file coords.pdb (PDB, C-alpha atoms)
ATOM      1  CA  MET H  15      10.367  10.472  24.710
ATOM      2  CA  LYS H  16       9.722   6.710  24.721
ATOM      3  CA  THR H  17       6.208   7.297  26.058
ATOM      4  CA  LYS H  18       5.431   9.717  23.210
ATOM      5  CA  GLN H  19       6.710   7.231  20.630
ATOM      6  CA  LEU H  20       4.676   4.433  22.184
ATOM      7  CA  ALA H  21       1.545   6.582  22.259
ATOM      8  CA  LEU H  22       2.095   7.689  18.663
ATOM      9  CA  GLY H  23       2.573   4.077  17.566
ATOM     10  CA  ALA H  24      -0.614   3.031  19.363
ATOM     11  CA  VAL H  25      -2.651   5.835  17.787
ATOM     12  CA  LEU H  26      -1.277   5.095  14.321
ATOM     13  CA  THR H  27      -1.954   1.362  14.744
ATOM     14  CA  ALA H  28      -5.537   2.025  15.841
ATOM     15  CA  LEU H  29      -6.054   4.399  12.918
ATOM     16  CA  ALA H  30      -4.605   1.919  10.412
ATOM     17  CA  LEU H  31      -6.703  -0.898  11.866
ATOM     18  CA  GLY H  32      -9.841   1.236  11.706
ATOM     19  CA  LEU H  33      -9.201   2.235   8.096
ATOM     20  CA  SER H  34      -8.473  -1.358   7.151
ATOM     21  CA  TYR H  35     -11.712  -2.511   8.747
ATOM     22  CA  MET H  36     -13.739   0.327   7.202
ATOM     23  CA  GLU H  37     -12.375  -0.552   3.782
ATOM     24  CA  ARG H  38     -14.181  -3.892   3.914
ATOM     25  CA  PHE H  39     -17.441  -2.001   3.445
ATOM     26  CA  LEU H  40     -16.417  -0.108   0.312
ATOM     27  CA  PRO H  41     -17.870  -1.844  -2.767
ATOM     28  CA  LEU H  42     -14.764  -1.378  -4.921
ATOM     29  CA  GLU H  43     -15.550  -4.523  -6.893
ATOM     30  CA  LEU H  44     -18.385  -2.566  -8.531
ATOM     31  CA  LEU H  45     -15.767  -0.327 -10.166
ATOM     32  CA  VAL H  46     -12.978  -2.871 -10.554
ATOM     33  CA  PRO H  47     -14.308  -6.381 -11.180
ATOM     34  CA  LEU H  48     -11.247  -8.184  -9.812
ATOM     35  CA  PRO H  49     -11.361 -10.354  -6.694
ATOM     36  CA  GLY H  50      -9.503  -9.060  -3.657
ATOM     37  CA  VAL H  51      -8.876  -5.523  -4.919
ATOM     38  CA  LYS H  52      -8.759  -2.907  -2.140
ATOM     39  CA  LEU H  53      -7.823   0.757  -2.001
ATOM     40  CA  GLY H  54      -5.206   0.217   0.698
ATOM     41  CA  LEU H  55      -6.388   2.966   3.024
ATOM     42  CA  ALA H  56      -4.236   1.647   5.869
ATOM     43  CA  ASN H  57      -1.245   2.386   3.641
ATOM     44  CA  VAL H  58      -1.937   6.103   4.138
ATOM     45  CA  VAL H  59      -1.071   5.606   7.804
ATOM     46  CA  THR H  60       1.983   3.507   6.940
ATOM     47  CA  LEU H  61       3.237   6.226   4.587
ATOM     48  CA  ALA H  62       2.600   8.966   7.137
ATOM     49  CA  ALA H  63       4.436   6.925   9.778
ATOM     50  CA  LEU H  64       7.329   6.288   7.407
ATOM     51  CA  TYR H  65       7.718   9.973   6.541
ATOM     52  CA  THR H  66       7.165  11.385  10.039
ATOM     53  CA  ALA H  67       8.273   8.742  12.545
ATOM     54  CA  GLY H  68      10.669   6.567  10.533
ATOM     55  CA  GLY H  69      10.917   3.017   9.290
ATOM     56  CA  ARG H  70      10.888   1.256  12.657
ATOM     57  CA  THR H  71       7.672   2.895  13.769
ATOM     58  CA  ALA H  72       6.087   2.288  10.363
ATOM     59  CA  ALA H  73       7.096  -1.395  10.542
ATOM     60  CA  ALA H  74       5.719  -1.755  14.064
ATOM     61  CA  VAL H  75       2.425  -0.139  13.039
ATOM     62  CA  LEU H  76       2.193  -2.384   9.977
ATOM     63  CA  VAL H  77       2.933  -5.619  11.824
ATOM     64  CA  LEU H  78       0.592  -4.791  14.714
ATOM     65  CA  ARG H  79      -2.189  -3.825  12.302
ATOM     66  CA  CYS H  80      -1.792  -7.095  10.421
ATOM     67  CA  LEU H  81      -1.719  -9.166  13.616
ATOM     68  CA  LEU H  82      -4.717  -7.408  15.143
ATOM     69  CA  GLY H  83      -6.640  -7.523  11.870
ATOM     70  CA  ALA H  84      -6.091 -11.269  11.682
ATOM     71  CA  ALA H  85      -7.074 -11.696  15.336
ATOM     72  CA  PHE H  86     -10.281  -9.678  14.867
ATOM     73  CA  GLY H  87     -11.536 -11.677  11.929
ATOM     74  CA  GLY H  88      -9.002 -12.191   9.208
ATOM     75  CA  GLY H  89      -7.551 -15.546  10.213
ATOM     76  CA  VAL H  90      -4.184 -17.098   9.486
ATOM     77  CA  THR H  91      -4.499 -16.952   5.697
ATOM     78  CA  ALA H  92      -5.371 -13.250   5.788
ATOM     79  CA  LEU H  93      -2.375 -12.713   8.065
ATOM     80  CA  ALA H  94      -0.081 -14.421   5.569
ATOM     81  CA  PHE H  95      -1.387 -12.276   2.715
ATOM     82  CA  SER H  96      -1.361  -8.962   4.588
ATOM     83  CA  LEU H  97       2.037  -9.470   6.220
ATOM     84  CA  THR H  98       3.729 -10.645   3.043
ATOM     85  CA  GLY H  99       2.265  -7.824   0.984
ATOM     86  CA  GLY H 100       2.687  -5.219   3.703
ATOM     87  CA  LEU H 101       6.304  -5.994   4.530
ATOM     88  CA  LEU H 102       7.283  -6.103   0.861
ATOM     89  CA  ALA H 103       5.473  -2.797   0.308
ATOM     90  CA  LEU H 104       7.147  -1.182   3.313
ATOM     91  CA  GLY H 105      10.556  -2.337   2.115
ATOM     92  CA  ALA H 106       9.917  -0.908  -1.342
ATOM     93  CA  MET H 107       8.591   2.368   0.051
ATOM     94  CA  THR H 108      11.501   2.720   2.466
ATOM     95  CA  ALA H 109      13.980   2.285  -0.384
ATOM     96  CA  ALA H 110      11.996   4.428  -2.835
ATOM     97  CA  ARG H 111      11.628   7.267  -0.353
ATOM     98  CA  HIS H 112      15.321   8.037  -0.755
ATOM     99  CA  LEU H 113      15.254   8.167  -4.555
ATOM    100  CA  PRO H 114      15.791  11.715  -5.809
ATOM    101  CA  GLY H 115      12.788  13.307  -7.464
ATOM    102  CA  LEU H 116      10.294  10.679  -6.298
ATOM    103  CA  SER H 117       7.356  12.162  -4.418
ATOM    104  CA  VAL H 118       5.067  10.476  -1.927
ATOM    105  CA  TYR H 119       2.826   9.672  -4.918
ATOM    106  CA  GLY H 120       5.547   7.618  -6.597
ATOM    107  CA  VAL H 121       6.516   5.984  -3.321
ATOM    108  CA  SER H 122       2.872   5.032  -2.770
ATOM    109  CA  VAL H 123       2.484   3.548  -6.266
ATOM    110  CA  LEU H 124       5.647   1.478  -5.802
ATOM    111  CA  GLY H 125       4.356   0.364  -2.408
ATOM    112  CA  ALA H 126       1.006  -0.674  -3.897
ATOM    113  CA  ALA H 127       2.753  -2.641  -6.653
ATOM    114  CA  ALA H 128       5.063  -4.346  -4.139
ATOM    115  CA  HIS H 129       2.081  -5.149  -1.916
ATOM    116  CA  ASN H 130       0.326  -6.871  -4.806
ATOM    117  CA  ALA H 131       3.491  -8.765  -5.703
ATOM    118  CA  GLY H 132       3.772  -9.896  -2.087
ATOM    119  CA  GLN H 133       0.183 -11.068  -2.056
ATOM    120  CA  ILE H 134       0.767 -13.046  -5.247
ATOM    121  CA  LEU H 135       3.794 -14.678  -3.585
ATOM    122  CA  ALA H 136       1.642 -15.553  -0.579
ATOM    123  CA  ALA H 137      -1.086 -16.934  -2.854
ATOM    124  CA  MET H 138       1.480 -19.048  -4.710
ATOM    125  CA  ALA H 139       2.664 -20.476  -1.375
ATOM    126  CA  VAL H 140      -0.825 -21.067   0.037
ATOM    127  CA  LEU H 141      -2.257 -22.543  -3.159
ATOM    128  CA  ARG H 142       0.998 -24.257  -4.151
ATOM    129  CA  SER H 143       0.606 -23.044  -7.704
ATOM    130  CA  VAL H 144       2.634 -20.738  -9.928
ATOM    131  CA  TYR H 145      -0.394 -20.065 -12.112
ATOM    132  CA  VAL H 146      -1.607 -17.452  -9.657
ATOM    133  CA  ALA H 147       1.164 -15.205 -10.994
ATOM    134  CA  ALA H 148      -0.919 -14.666 -14.148
ATOM    135  CA  TYR H 149      -3.151 -12.420 -12.009
ATOM    136  CA  LEU H 150      -0.267 -10.029 -11.191
ATOM    137  CA  PRO H 151      -0.388  -7.843 -14.354
ATOM    138  CA  PHE H 152      -4.046  -7.021 -13.663
ATOM    139  CA  LEU H 153      -3.243  -6.172 -10.056
ATOM    140  CA  LEU H 154      -0.341  -3.944 -11.099
ATOM    141  CA  VAL H 155      -2.623  -1.859 -13.314
ATOM    142  CA  VAL H 156      -4.976  -1.386 -10.378
ATOM    143  CA  ALA H 157      -1.976  -0.666  -8.107
ATOM    144  CA  ALA H 158      -1.109   2.375 -10.211
ATOM    145  CA  ALA H 159      -4.549   3.869  -9.591
ATOM    146  CA  THR H 160      -4.895   2.881  -5.937
ATOM    147  CA  GLY H 161      -1.312   3.934  -5.241
ATOM    148  CA  LEU H 162      -2.034   7.392  -6.659
ATOM    149  CA  LEU H 163      -5.187   7.704  -4.542
ATOM    150  CA  THR H 164      -3.498   6.646  -1.314
ATOM    151  CA  GLY H 165      -0.500   8.786  -2.257
ATOM    152  CA  ALA H 166      -2.789  11.796  -2.578
ATOM    153  CA  ALA H 167      -4.346  11.047   0.805
ATOM    154  CA  ALA H 168      -0.891  10.610   2.357
ATOM    155  CA  ALA H 169       0.357  13.850   0.772
ATOM    156  CA  GLY H 170      -2.624  15.710   2.222
ATOM    157  CA  THR H 171      -2.049  14.111   5.605
ATOM    158  CA  LEU H 172       1.634  15.056   5.562
ATOM    159  CA  ARG H 173       0.795  18.643   4.566
ATOM    160  CA  ALA H 174      -1.711  18.883   7.420
ATOM    161  CA  LEU H 175       0.771  17.427   9.908
ATOM    162  CA  SER H 176       3.437  19.843   8.730
ATOM    163  CA  ALA H 177       1.099  22.812   9.160
ATOM    164  CA  ALA H 178      -0.016  21.577  12.578
ATOM    165  CA  ARG H 179       3.573  21.278  13.779
ATOM    166  CA  SER H 180       4.282  24.923  12.958
ATOM    167  CA  ILE H 181       1.288  26.127  14.984
ATOM    168  CA  PRO H 182       1.312  25.571  18.739
ATOM    169  CA  LEU H 183      -1.734  23.443  19.462
ATOM    170  CA  TYR H 184      -1.929  24.310  23.120
ATOM    171  CA  ARG H 185      -1.089  27.584  24.759
ATOM    172  CA  LYS H 186      -1.594  28.584  28.340
ATOM    173  CA  GLN H 187      -1.241  31.758  30.280
ATOM    174  CA  ASN H 188       1.748  31.707  32.626
ATOM    175  CA  HIS H 189       1.714  33.348  36.005
ATOM    176  CA  LEU H 190       3.460  36.468  34.642
ATOM    177  CA  GLY H 191       0.788  37.109  32.037
ATOM    178  CA  GLY H 192       2.798  35.924  29.065
ATOM    179  CA  ILE H 193       1.777  33.078  26.807
ATOM    180  CA  GLN H 194       3.729  29.853  26.930
ATOM    181  CA  PRO H 195       3.687  27.324  24.130
TER     182      PRO H 195
END

call {"tool": "encode", "arguments": {"input": "coords.pdb", "output": "structure tokens"}}
result
Amino acid sequence: MKTKQLALGAVLTALALGLSYMERFLPLELLVPLPGVKLGLANVVTLAALYTAGGRTAAAVLVLRCLLGAAFGGGVTALAFSLTGGLLALGAMTAARHLPGLSVYGVSVLGAAAHNAGQILAAMAVLRSVYVAAYLPFLLVVAAATGLLTGAAAAGTLRALSAARSIPLYRKQNHLGGIQP
């Protein structure tokens, strides 16, 4: 079982890292003229990990993605921003997931808002200025939209995973002629 969990974590980390890297090439600033705004595609993987594998796996995927992203070109400042935002978002999503009546969409929006709040906290620490906090209301408006989009992607992913689990992916003929799952 440990090997399966390790393999799942590695696949999810690679997927999150790939989505995070790919997102750099999306010209979102053409639609939203605010510096640093991103869709948060890697959050789809974090949400899927949280709902399917649990908080520990989601945290491991998040931290490894942030560390590898910084190592592959983000640098120490990017690491501070992504870890602060990501860990705050994961904490909010973990808590929100257990609220009655809140779907993955709501959990995603809260995660996006917490991520932006975490990035503002990191910016305040790096720049040593509280004035950066004036940028937060603008980011929270964008977080509602991006959180809904990543929530929709996560909901679709979770539906597909649920359907895939109910269908045996691999069947083989046993020596007696019957089919084994």

call {"tool": "atom_distance", "arguments": {"input": "coords.pdb", "atom1": "CA of Ser96 (chain H)", "atom2": "CA of Gly132 (chain H)"}}
result
8.5 Å

call {"tool": "atom_distance", "arguments": {"input": "coords.pdb", "atom1": "CA of Pro49 (chain H)", "atom2": "CA of Thr27 (chain H)"}}
result
26.2 Å

call {"tool": "closest_residue", "arguments": {"input": "coords.pdb", "among": "H:Met107, H:Val123, H:Ala84, H:Leu141", "to": "Ala62 (chain H)", "atoms": "only C-alpha atoms"}}
result
H:Met107

call {"tool": "closest_residue", "arguments": {"input": "coords.pdb", "among": "H:Val59, H:Val46, H:Leu81, H:Val75", "to": "Gly23 (chain H)", "atoms": "only C-alpha atoms"}}
result
H:Val75

call {"tool": "residues_near_point", "arguments": {"input": "coords.pdb", "point": "(10.7, 5.4, 8.9)", "cutoff": "12 Å", "atoms": "only C-alpha atoms", "output": "PDB file with C-alpha atoms, keeping the file's coordinate frame"}}
result
ATOM      1  CA  GLY H  23       2.573   4.077  17.566  1.00  0.00           C
ATOM      2  CA  VAL H  59      -1.071   5.606   7.804  1.00  0.00           C
ATOM      3  CA  THR H  60       1.983   3.507   6.940  1.00  0.00           C
ATOM      4  CA  LEU H  61       3.237   6.226   4.587  1.00  0.00           C
ATOM      5  CA  ALA H  62       2.600   8.966   7.137  1.00  0.00           C
ATOM      6  CA  ALA H  63       4.436   6.925   9.778  1.00  0.00           C
ATOM      7  CA  LEU H  64       7.329   6.288   7.407  1.00  0.00           C
ATOM      8  CA  TYR H  65       7.718   9.973   6.541  1.00  0.00           C
ATOM      9  CA  THR H  66       7.165  11.385  10.039  1.00  0.00           C
ATOM     10  CA  ALA H  67       8.273   8.742  12.545  1.00  0.00           C
ATOM     11  CA  GLY H  68      10.669   6.567  10.533  1.00  0.00           C
ATOM     12  CA  GLY H  69      10.917   3.017   9.290  1.00  0.00           C
ATOM     13  CA  ARG H  70      10.888   1.256  12.657  1.00  0.00           C
ATOM     14  CA  THR H  71       7.672   2.895  13.769  1.00  0.00           C
ATOM     15  CA  ALA H  72       6.087   2.288  10.363  1.00  0.00           C
ATOM     16  CA  ALA H  73       7.096  -1.395  10.542  1.00  0.00           C
ATOM     17  CA  ALA H  74       5.719  -1.755  14.064  1.00  0.00           C
ATOM     18  CA  VAL H  75       2.425  -0.139  13.039  1.00  0.00           C
ATOM     19  CA  LEU H  76       2.193  -2.384   9.977  1.00  0.00           C
ATOM     20  CA  LEU H 104       7.147  -1.182   3.313  1.00  0.00           C
ATOM     21  CA  GLY H 105      10.556  -2.337   2.115  1.00  0.00           C
ATOM     22  CA  MET H 107       8.591   2.368   0.051  1.00  0.00           C
ATOM     23  CA  THR H 108      11.501   2.720   2.466  1.00  0.00           C
ATOM     24  CA  ALA H 109      13.980   2.285  -0.384  1.00  0.00           C
ATOM     25  CA  ALA H 110      11.996   4.428  -2.835  1.00  0.00           C
ATOM     26  CA  ARG H 111      11.628   7.267  -0.353  1.00  0.00           C
ATOM     27  CA  HIS H 112      15.321   8.037  -0.755  1.00  0.00           C
TER      28      HIS H 112
END

call {"tool": "closest_residue", "arguments": {"input": "coords.pdb", "among": "H:Ala128, H:Ala28, H:Arg38, H:Leu163", "to": "Val51 (chain H)", "atoms": "only C-alpha atoms"}}
result
H:Arg38

call {"tool": "residues_around", "arguments": {"input": "coords.pdb", "residues": "Thr98 (chain H)", "least_positions_apart": "5", "cutoff": "9 Å", "atoms": "only C-alpha atoms", "output": "list in words"}}
result
Leu93, Ala103, His129, Ala131, Gly132, Gln133, Leu135 and Ala136 of chain H

call {"tool": "atom_distance", "arguments": {"input": "coords.pdb", "atom1": "CA of Ala92 (chain H)", "atom2": "CA of Ala137 (chain H)"}}
result
10.3 Å

call {"tool": "resolve_selection", "arguments": {"input": "coords.pdb", "expression": "the PyMOL selection byres ((chain H and resi 142-158) around 7)", "output": "list in words"}}
result
Val123, Ala126, Ala127, Asn130, Ala131, Ile134, Ala137, Met138, Ala139, Val140, Leu141, Ala159, Thr160, Gly161 and Leu162 of chain H

call {"tool": "write_last_selection", "arguments": {"input": "coords.pdb", "atoms": "C-alpha atoms", "output": "mmCIF file, in the coordinates of the input"}}
result
data_model
loop_
_atom_site.group_PDB
_atom_site.id
_atom_site.type_symbol
_atom_site.label_atom_id
_atom_site.label_comp_id
_atom_site.auth_asym_id
_atom_site.auth_seq_id
_atom_site.Cartn_x
_atom_site.Cartn_y
_atom_site.Cartn_z
ATOM 1 C CA VAL H 123 2.484 3.548 -6.266
ATOM 2 C CA ALA H 126 1.006 -0.674 -3.897
ATOM 3 C CA ALA H 127 2.753 -2.641 -6.653
ATOM 4 C CA ASN H 130 0.326 -6.871 -4.806
ATOM 5 C CA ALA H 131 3.491 -8.765 -5.703
ATOM 6 C CA ILE H 134 0.767 -13.046 -5.247
ATOM 7 C CA ALA H 137 -1.086 -16.934 -2.854
ATOM 8 C CA MET H 138 1.480 -19.048 -4.710
ATOM 9 C CA ALA H 139 2.664 -20.476 -1.375
ATOM 10 C CA VAL H 140 -0.825 -21.067 0.037
ATOM 11 C CA LEU H 141 -2.257 -22.543 -3.159
ATOM 12 C CA ALA H 159 -4.549 3.869 -9.591
ATOM 13 C CA THR H 160 -4.895 2.881 -5.937
ATOM 14 C CA GLY H 161 -1.312 3.934 -5.241
ATOM 15 C CA LEU H 162 -2.034 7.392 -6.659
#

call {"tool": "resolve_selection", "arguments": {"input": "coords.pdb", "expression": "the PyMOL selection byres ((chain H and resi 42) around 8)", "output": "PyMOL selection string"}}
result
chain H and resi 40-41+43-46+51-53

call {"tool": "resolve_selection", "arguments": {"input": "coords.pdb", "expression": "the PyMOL selection byres ((chain H and resi 167-174) around 7)", "output": "PyMOL selection string"}}
result
chain H and resi 58+61-62+118+163-166+175-178

call {"tool": "closest_residue", "arguments": {"input": "coords.pdb", "among": "H:Ala56, H:Leu20, H:Phe95, H:Gly83", "to": "Glu37 (chain H)", "atoms": "all atoms listed in the file"}}
result
H:Ala56

call {"tool": "closest_residue", "arguments": {"input": "coords.pdb", "among": "H:Pro47, H:Arg79, H:Gly88, H:Asn57", "to": "Gly125 (chain H)", "atoms": "all atoms listed in the file"}}
result
H:Asn57

call {"tool": "closest_residue", "arguments": {"input": "coords.pdb", "among": "H:Leu22, H:Leu31, H:Leu101, H:Gly115", "to": "Ala85 (chain H)", "atoms": "all atoms listed in the file"}}
result
H:Leu31

call {"tool": "axis_aligned_box", "arguments": {"input": "coords.pdb", "around": "region 29-34 of chain H", "padding_each_side": "6 Å", "output": "lines of an AutoDock Vina configuration file"}}
result
center_x = -7.2
center_y = 1.5
center_z = 10.0
size_x = 17.2
size_y = 17.8
size_z = 17.8
